[in-house]
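Enquirer: This is the structure, below, for whatever I ask next.
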Amino acid sequence: MAGTQQARPGPVHGPARGVAISTRTGPTRTDATDRADPWLGRQLRLTGRPPDPVRLFHQALRTRSPAALDTLVGLATGDTLSPRDLLTRVLDGRPGDPPTDRVARTALVGVAFTWAGLQRDTEELLGSALLFERLWQAGVMASLGHPLKLTSLQTLYLAGRHRELAALLPGVEGLHPDAEHYLRTDLANPYAVPGADGAGWPSLLSARFDEQGLAPVELLAAPALSPFDRLDAPSAPAGSTGGEPVTVIMPCWQPDQGLVTAVRSMVGQTYGDLDIILVDDCSGPGYADVFAEAEAMDPRVRVLRMPRNGGSYLGRAAAVADSHGTYITFQDADDWSHPSRVELQVRALEAEPAAPMSRSRAVRAKDDLTHQWLGYRAIRENASSLLLRRSVLGRTGGFLPVRKGADSEFAERVALLAGPIVDVPAPLAITRLRSGSLSRGDFTFSWMAPDRFRFRASFTAWHRRLRRQVEEGADVHVTDEQLATLPFPVPPAWVRDLDAARRVPTTFATAYLGAFSQDRPTPGTRWLLDRLTVSPEDTPVGLWHQEGRETDSTTRPHLAHEWDDLLLDRVVHPISRVDPSTVHRLVVLDPAVVTLHRDQAVRVSAERTEVWLTPELLTLGPSGLPEDLLGISDTLRERWGARPRWVMAPWLTPEQGAAVREALPGLRVDEAP
């Protein structure tokens, strides 16, 4: 930054006045060179008074900020250790006793959750497990809520601390019964736990199905297959005839043995009148044999081949058009459904004539039939189990033409326009957990992929608009033609190589970067909202919403609702760091988001950047520090190859502008365009 110098930060005292140009001297520490960003760390630590380690560790997981983890470790160890030093001590069996100070103790718990949740390497996972063991032994974990207790115990299991988990589990109170059950089930799994005799494992595996009066789940005698692909319920009654026909749609792309497992579970249904459509989404000739094997399993099975690869939901739409069932349901191409699934879901729907569709629950499991996904219980609502009346599609429309995430949007839209979904409480499927799936990599403990988060926020905004129309008495119908135009913004990657992609801009004349959340509006976001509402720009304008440094929430702050109409009306278009997009002029309204997210990968290309300066950036905040303008400048240069242009924020009064110039002598600050 021309004309300025900044060194590393040290303690800052005195009144809340100052400028952004200060001398930084770091506190004495055994590993001073290992600190991620001490200036940012101090700001994170003192955003709240006293520091809030719970908020901080959730923020560390959401933002992947090394400074946030470093700050947690500093709070836990009195600024004597770095994350690497603490991890080394823990792995060497020298973690020491948990601190007695509440903030330090909570921060140490946060370190353990952050190491586990970041899922960066096996050393951190093991270090997290060892810390949790010590914290449980010291009684620190007993007061936490169920989700955090479960996550800590899952960490022990995933780190291979099976004996330690088995010894600890009987004394843990407050776990959800399903969470405790599947931890015990997985400890008994002979395919996953060395030395487990497996004697009681089959009954534990089947227990949640047995409790609902369903045929027990067993394994086929086929040792060459994975345990998951041996799932069966052989005592279920034979399929019946009669009843309204049900079309089962199973989209597939380059399937493996899992397709045979999924089809086998469908042809074995106790509900006999089925039309089973396998949608081959241009898998290629190398997969002809597996499709042929699946199709040969039953005369009710047929293959519908797509002319080009379009993803699961275009495949579903094509199959719906090619089907004849009164009811339509879906099955993922590597999952297993209990033989009673279709029968019980049809029965539930027929018992509620006004209901548009039914849905059942599922048990998550990996190929070895273990069930631990960090931070999540094994039993969940099964989005792919939707069984709907064909007749509702005339009012609700079908699936959005995108590559993922459309089943959740569709289910919520149907519930909004056609009535509540009938939920069958029994688990009627076992769904496969695979790291390469389209959805699993989008969710980890306390984290959601930015494009997944943005997609949900966008369709929720559209649904709010539909709900207002319904409440005002409008007869709202959604058509497939309307869906083809994308009624709300979607991430570019979700329409890759699809016709809908032409409606998603990826080049922007101007984009604005800041924290546009509903909990902390700033003068800058308010000014921009008012200006764009009154005078929309002709060229695409990007809105890049990032989480701000200051938040009171343990979840990611949502975009303020005031921006929803501008997004839905295409006045602005959302972009994020994961979008491969080009911005000619990137305006930074909130520089704090630059430093907080500096270690995240960015796929946005910015030709030039400018930072809008305000007096608030130059005064001392709660941390006793102003904003780190040099760090912001360095980050923007590292990311896009040039330092930013410094611009006076256009909403400032002449007096405020003069204060900015006085605080930054020698720095060129341009007037706003």
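Identifiers in this document derive from the order of the structure tokens: chains are assigned A, B, ..., residues are numbered from 1 separately in each chain, and ligands are numbered from 1 in order of occurrence.
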Just the residues within 7 Å of stretch 55-70 of chain A, please, counting only C-alpha atoms, with nothing from its chain fewer than 2 positions along; format it as a list in words.

Expert: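 Result of the neighbour search: Arg35, Ala36, Asp37, Leu40, Gly41, Leu44, Asp52, Pro53, Leu72, Val73, Gly74, Ser82, Pro83, Gly110, Val111, Thr114, Gly117, Leu118, Ser446, Trp447, Asp552, Ser553, Thr554, Leu596, His597, Asp599 and Gln600 of chain A.
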
Enquirer: Could you go through stretch 95-136 of chain A and tell me which residues DSSP, when run on the backbone, assigns to alpha helix (DSSP H), listing them as a count of residues only?

Expert: 32

Enquirer: Pick out the residues sitting within 7 Å of A:Ala672, and hand them over as an MDAnalysis selection string; count only C-alpha atoms, and ignore anything fewer than 4 positions along from it in its own chain.

Expert: chainID A and resid 647:650

Enquirer: So which one's closest to A:Thr370, A:Arg45, A:Arg105, A:Arg434, A:Arg661? Using only C-alpha atoms, please.

Expert: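 Closest to A:Thr370 of all the choices is A:Arg434.
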
Enquirer: List the spatial neighbours of stretch 248-256 of chain A as a ChimeraX atom specification - criterion: any atom at most 8 Å away, only C-alpha atoms, same-chain residues fewer than 5 positions off excluded.

Expert: /A:274-284,287,290,312,315-316,319-320,328-334

Enquirer: With N, CA and C atoms retained, write the just-selected residues as a tab-separated table (two decimals), in the first residue's frame.

Expert:
chain	number	residue	atom	x	y	z
A	274	LEU	N	-45.47	-52.39	-10.25
A	274	LEU	CA	-44.40	-51.41	-10.40
A	274	LEU	C	-43.95	-51.31	-11.85
A	275	ASP	N	-43.57	-50.10	-12.22
A	275	ASP	CA	-42.91	-49.82	-13.50
A	275	ASP	C	-41.58	-49.20	-13.13
A	276	ILE	N	-40.48	-49.94	-13.29
A	276	ILE	CA	-39.17	-49.52	-12.80
A	276	ILE	C	-38.33	-49.02	-13.97
A	277	ILE	N	-38.02	-47.72	-13.96
A	277	ILE	CA	-37.30	-47.10	-15.07
A	277	ILE	C	-35.89	-46.73	-14.61
A	278	LEU	N	-34.90	-47.32	-15.24
A	278	LEU	CA	-33.51	-46.95	-15.01
A	278	LEU	C	-33.14	-45.91	-16.06
A	279	VAL	N	-32.74	-44.73	-15.64
A	279	VAL	CA	-32.39	-43.66	-16.57
A	279	VAL	C	-30.88	-43.66	-16.74
A	280	ASP	N	-30.42	-44.06	-17.92
A	280	ASP	CA	-28.98	-44.05	-18.22
A	280	ASP	C	-28.61	-42.66	-18.71
A	281	ASP	N	-27.90	-41.91	-17.85
A	281	ASP	CA	-27.57	-40.52	-18.15
A	281	ASP	C	-26.25	-40.44	-18.93
A	282	CYS	N	-26.26	-41.10	-20.11
A	282	CYS	CA	-25.08	-41.12	-20.99
A	282	CYS	C	-23.85	-41.69	-20.28
A	283	SER	N	-24.01	-42.86	-19.69
A	283	SER	CA	-22.89	-43.48	-18.98
A	283	SER	C	-21.78	-43.92	-19.92
A	284	GLY	N	-22.12	-44.26	-21.15
A	284	GLY	CA	-21.13	-44.73	-22.10
A	284	GLY	C	-21.17	-46.24	-22.28
A	287	TYR	N	-20.56	-49.29	-19.65
A	287	TYR	CA	-21.50	-49.63	-18.58
A	287	TYR	C	-22.71	-50.41	-19.09
A	290	VAL	N	-23.62	-53.68	-16.94
A	290	VAL	CA	-24.30	-53.56	-15.66
A	290	VAL	C	-25.76	-53.15	-15.86
A	312	SER	N	-29.33	-35.86	-12.67
A	312	SER	CA	-30.41	-36.67	-12.12
A	312	SER	C	-31.80	-36.10	-12.39
A	315	GLY	N	-33.07	-36.33	-15.91
A	315	GLY	CA	-33.41	-37.74	-16.10
A	315	GLY	C	-34.74	-38.08	-15.47
A	316	ARG	N	-35.00	-37.56	-14.28
A	316	ARG	CA	-36.29	-37.81	-13.63
A	316	ARG	C	-37.43	-37.24	-14.47
A	319	ALA	N	-38.15	-39.44	-17.40
A	319	ALA	CA	-38.81	-40.69	-17.00
A	319	ALA	C	-40.26	-40.45	-16.62
A	320	VAL	N	-40.56	-39.32	-15.97
A	320	VAL	CA	-41.95	-39.01	-15.64
A	320	VAL	C	-42.77	-38.92	-16.92
A	328	ILE	N	-45.72	-41.86	-8.39
A	328	ILE	CA	-44.33	-41.83	-8.87
A	328	ILE	C	-43.42	-41.75	-7.66
A	329	THR	N	-42.39	-42.58	-7.64
A	329	THR	CA	-41.40	-42.50	-6.57
A	329	THR	C	-40.00	-42.62	-7.17
A	330	PHE	N	-39.01	-42.46	-6.31
A	330	PHE	CA	-37.63	-42.39	-6.79
A	330	PHE	C	-36.74	-43.26	-5.92
A	331	GLN	N	-35.61	-43.62	-6.49
A	331	GLN	CA	-34.63	-44.43	-5.77
A	331	GLN	C	-33.26	-44.04	-6.29
A	332	ASP	N	-32.33	-43.75	-5.36
A	332	ASP	CA	-30.95	-43.51	-5.78
A	332	ASP	C	-30.33	-44.82	-6.24
A	333	ALA	N	-29.43	-44.72	-7.21
A	333	ALA	CA	-28.95	-45.91	-7.92
A	333	ALA	C	-27.95	-46.74	-7.15
A	334	ASP	N	-27.63	-46.39	-5.90
A	334	ASP	CA	-26.75	-47.26	-5.12
A	334	ASP	C	-27.29	-47.51	-3.72
